[in-house]
Amino acid sequence: MELRFFSVELEDFNENVSLHLGASFLFMQQCAAYFQKERTLFSLVNISSVYGLMAPRFEVYDDTPMTMPVEYAAIKSAVLQLSKYLTSYVSDSQFRSNCVSPGGIFDNQPEVFVEKYRKYCLGKGMLDIVDVMGSIIFLLSDESRYLNGQNLVVDDGFSL
């Protein structure tokens with residue numbers, strides 16, 4: 001296993017977290033400000049990851065040039081908490097902030113990775129974006145009107 005964790009410089013870690021998490025924070029903040037001003041129904045769906053709620057399965061990256069960056073885990077777990085924080089802070093059921101945490105999305109990763117990943121799933125393995133869209137559409141719809149500060153995990157059982 002690559003020892004990338006020990007080679008991550010604090011400055012790089014901070015910059016990566018600041019850019020990605022900072023952008024998510026700013027977007028969430030502005031959504032809440034818009035809601036406060038307009039007082040209209042609002043549903044925000046943030047995208048996290050299964051690696052925001054579970055430890056990485058480093059073994060699926062063996063024999064590939066890929067790894068699971070520590071910054072990614074920090075950012076995705078923080079997005080989950082910020083979404084809950086925002087829901088609690090706004091404290092109005094007309095404003096919803098929820099998350100979807102997908103498992104791996106197929107993007108032409110090495111076959112050895114795809115096969116190792118699939119072994120932790122219940123059938124499909126890596127997902128296509130369309131496999132996650134239904135959950136996002138549900139959270140945006142009136143069907144989830146009183147679902148607030150929650151996280152839907154769409155991962156074909158990878159996180160079990």
# chains A, B, ... in the order shown; residues from 1 in each chain; ligands from 1
>>> residues_around(residues="stretch 43-60 of chain A", least_positions_apart="2", cutoff="7 Å", atoms="only C-alpha atoms", output="ChimeraX atom specification")
/A:41,62,68,73,76-77,79-80,95-103,113,116-117,136,139-140,153,159
>>> write_last_selection(atoms="C-alpha atoms", output="PDB file, in the first residue's frame")
ATOM      1  CA  LEU A  41     -39.699  26.388   0.273  1.00  0.00           C
ATOM      2  CA  ASP A  62      -3.918  -2.388  -4.095  1.00  0.00           C
ATOM      3  CA  MET A  68      -8.126   7.219  -1.030  1.00  0.00           C
ATOM      4  CA  ALA A  73     -12.430  11.680   3.834  1.00  0.00           C
ATOM      5  CA  LYS A  76     -16.881  14.405   2.864  1.00  0.00           C
ATOM      6  CA  SER A  77     -17.430  13.797   6.580  1.00  0.00           C
ATOM      7  CA  VAL A  79     -20.097  18.043   4.443  1.00  0.00           C
ATOM      8  CA  LEU A  80     -22.374  15.641   6.330  1.00  0.00           C
ATOM      9  CA  PHE A  95     -35.768  24.858   4.558  1.00  0.00           C
ATOM     10  CA  ARG A  96     -34.248  21.429   4.099  1.00  0.00           C
ATOM     11  CA  SER A  97     -30.602  20.481   3.877  1.00  0.00           C
ATOM     12  CA  ASN A  98     -29.928  16.795   3.268  1.00  0.00           C
ATOM     13  CA  CYS A  99     -27.118  14.699   1.820  1.00  0.00           C
ATOM     14  CA  VAL A 100     -26.664  11.830  -0.555  1.00  0.00           C
ATOM     15  CA  SER A 101     -23.593   9.676   0.017  1.00  0.00           C
ATOM     16  CA  PRO A 102     -22.850   7.558  -3.025  1.00  0.00           C
ATOM     17  CA  GLY A 103     -20.499   4.645  -3.114  1.00  0.00           C
ATOM     18  CA  PHE A 113     -10.062  -1.896  -8.744  1.00  0.00           C
ATOM     19  CA  LYS A 116     -12.102  -5.655  -5.811  1.00  0.00           C
ATOM     20  CA  TYR A 117     -14.705  -2.980  -5.148  1.00  0.00           C
ATOM     21  CA  ILE A 136     -31.436  13.319  -5.279  1.00  0.00           C
ATOM     22  CA  LEU A 139     -34.859  14.766  -1.690  1.00  0.00           C
ATOM     23  CA  LEU A 140     -35.701  17.703  -3.937  1.00  0.00           C
ATOM     24  CA  VAL A 153     -26.473   6.200   1.367  1.00  0.00           C
ATOM     25  CA  SER A 159     -20.698   0.342   3.495  1.00  0.00           C
TER      26      SER A 159
END
>>> closest_residue(among="A:Ser135, A:Ile105, A:Glu9, A:Val90", to="A:Tyr34", atoms="only C-alpha atoms")
A:Val90
>>> select_by_dssp(residues="stretch 1-158 of chain A", states="strand (DSSP E)", output="list in words")
Phe42, Ser43, Leu44, Val45, Asn46, Ile47, Phe95, Arg96, Ser97, Asn98, Cys99, Val100, Ser101, Pro102, Asn151, Leu152, Val153 and Val154 of chain A
>>> write_last_selection(atoms="N, CA, C and O atoms", output="PDB file, in the first residue's frame")
ATOM      1  N   PHE A  42     -37.434  25.548   0.286  1.00  0.00           N
ATOM      2  CA  PHE A  42     -36.088  25.374  -0.250  1.00  0.00           C
ATOM      3  C   PHE A  42     -35.583  24.001   0.156  1.00  0.00           C
ATOM      4  O   PHE A  42     -35.660  23.619   1.315  1.00  0.00           O
ATOM      5  N   SER A  43     -35.058  23.273  -0.824  1.00  0.00           N
ATOM      6  CA  SER A  43     -34.455  21.964  -0.549  1.00  0.00           C
ATOM      7  C   SER A  43     -33.055  21.932  -1.132  1.00  0.00           C
ATOM      8  O   SER A  43     -32.865  22.041  -2.339  1.00  0.00           O
ATOM      9  N   LEU A  44     -32.079  21.780  -0.253  1.00  0.00           N
ATOM     10  CA  LEU A  44     -30.677  21.698  -0.635  1.00  0.00           C
ATOM     11  C   LEU A  44     -30.234  20.248  -0.483  1.00  0.00           C
ATOM     12  O   LEU A  44     -30.462  19.631   0.557  1.00  0.00           O
ATOM     13  N   VAL A  45     -29.604  19.709  -1.521  1.00  0.00           N
ATOM     14  CA  VAL A  45     -29.067  18.348  -1.465  1.00  0.00           C
ATOM     15  C   VAL A  45     -27.557  18.433  -1.664  1.00  0.00           C
ATOM     16  O   VAL A  45     -27.080  18.810  -2.736  1.00  0.00           O
ATOM     17  N   ASN A  46     -26.833  18.105  -0.622  1.00  0.00           N
ATOM     18  CA  ASN A  46     -25.377  18.075  -0.675  1.00  0.00           C
ATOM     19  C   ASN A  46     -24.908  16.672  -1.046  1.00  0.00           C
ATOM     20  O   ASN A  46     -25.576  15.691  -0.737  1.00  0.00           O
ATOM     21  N   ILE A  47     -23.765  16.598  -1.677  1.00  0.00           N
ATOM     22  CA  ILE A  47     -23.207  15.299  -2.057  1.00  0.00           C
ATOM     23  C   ILE A  47     -22.003  15.019  -1.169  1.00  0.00           C
ATOM     24  O   ILE A  47     -21.039  15.785  -1.142  1.00  0.00           O
ATOM     25  N   PHE A  95     -37.127  24.931   5.082  1.00  0.00           N
ATOM     26  CA  PHE A  95     -35.768  24.858   4.558  1.00  0.00           C
ATOM     27  C   PHE A  95     -35.198  23.495   4.913  1.00  0.00           C
ATOM     28  O   PHE A  95     -35.123  23.122   6.079  1.00  0.00           O
ATOM     29  N   ARG A  96     -34.808  22.764   3.880  1.00  0.00           N
ATOM     30  CA  ARG A  96     -34.248  21.429   4.099  1.00  0.00           C
ATOM     31  C   ARG A  96     -32.836  21.369   3.545  1.00  0.00           C
ATOM     32  O   ARG A  96     -32.565  21.864   2.463  1.00  0.00           O
ATOM     33  N   SER A  97     -31.962  20.744   4.314  1.00  0.00           N
ATOM     34  CA  SER A  97     -30.602  20.481   3.877  1.00  0.00           C
ATOM     35  C   SER A  97     -30.305  19.021   4.183  1.00  0.00           C
ATOM     36  O   SER A  97     -30.230  18.629   5.347  1.00  0.00           O
ATOM     37  N   ASN A  98     -30.192  18.224   3.143  1.00  0.00           N
ATOM     38  CA  ASN A  98     -29.928  16.795   3.268  1.00  0.00           C
ATOM     39  C   ASN A  98     -28.719  16.424   2.422  1.00  0.00           C
ATOM     40  O   ASN A  98     -28.225  17.233   1.638  1.00  0.00           O
ATOM     41  N   CYS A  99     -28.274  15.198   2.579  1.00  0.00           N
ATOM     42  CA  CYS A  99     -27.118  14.699   1.820  1.00  0.00           C
ATOM     43  C   CYS A  99     -27.441  13.379   1.134  1.00  0.00           C
ATOM     44  O   CYS A  99     -28.280  12.610   1.609  1.00  0.00           O
ATOM     45  N   VAL A 100     -26.731  13.143   0.068  1.00  0.00           N
ATOM     46  CA  VAL A 100     -26.664  11.830  -0.555  1.00  0.00           C
ATOM     47  C   VAL A 100     -25.200  11.422  -0.518  1.00  0.00           C
ATOM     48  O   VAL A 100     -24.317  12.214  -0.870  1.00  0.00           O
ATOM     49  N   SER A 101     -24.956  10.206  -0.053  1.00  0.00           N
ATOM     50  CA  SER A 101     -23.593   9.676   0.017  1.00  0.00           C
ATOM     51  C   SER A 101     -23.485   8.470  -0.900  1.00  0.00           C
ATOM     52  O   SER A 101     -23.837   7.351  -0.514  1.00  0.00           O
ATOM     53  N   PRO A 102     -23.003   8.691  -2.120  1.00  0.00           N
ATOM     54  CA  PRO A 102     -22.850   7.558  -3.025  1.00  0.00           C
ATOM     55  C   PRO A 102     -21.633   6.720  -2.673  1.00  0.00           C
ATOM     56  O   PRO A 102     -20.682   7.194  -2.051  1.00  0.00           O
ATOM     57  N   ASN A 151     -29.072  11.811   5.697  1.00  0.00           N
ATOM     58  CA  ASN A 151     -28.105  11.347   4.709  1.00  0.00           C
ATOM     59  C   ASN A 151     -28.605  10.046   4.113  1.00  0.00           C
ATOM     60  O   ASN A 151     -28.845   9.085   4.849  1.00  0.00           O
ATOM     61  N   LEU A 152     -28.775  10.014   2.807  1.00  0.00           N
ATOM     62  CA  LEU A 152     -29.150   8.786   2.109  1.00  0.00           C
ATOM     63  C   LEU A 152     -27.900   8.168   1.507  1.00  0.00           C
ATOM     64  O   LEU A 152     -27.179   8.816   0.741  1.00  0.00           O
ATOM     65  N   VAL A 153     -27.638   6.919   1.865  1.00  0.00           N
ATOM     66  CA  VAL A 153     -26.473   6.200   1.367  1.00  0.00           C
ATOM     67  C   VAL A 153     -26.911   5.336   0.191  1.00  0.00           C
ATOM     68  O   VAL A 153     -27.804   4.504   0.331  1.00  0.00           O
ATOM     69  N   VAL A 154     -26.289   5.563  -0.957  1.00  0.00           N
ATOM     70  CA  VAL A 154     -26.597   4.817  -2.178  1.00  0.00           C
ATOM     71  C   VAL A 154     -25.287   4.163  -2.620  1.00  0.00           C
ATOM     72  O   VAL A 154     -24.455   4.799  -3.263  1.00  0.00           O
TER      73      VAL A 154
END
>>> closest_residue(among="A:Tyr85, A:Tyr61, A:Phe25, A:Phe106", to="A:Gln150", atoms="only C-alpha atoms")
A:Tyr85
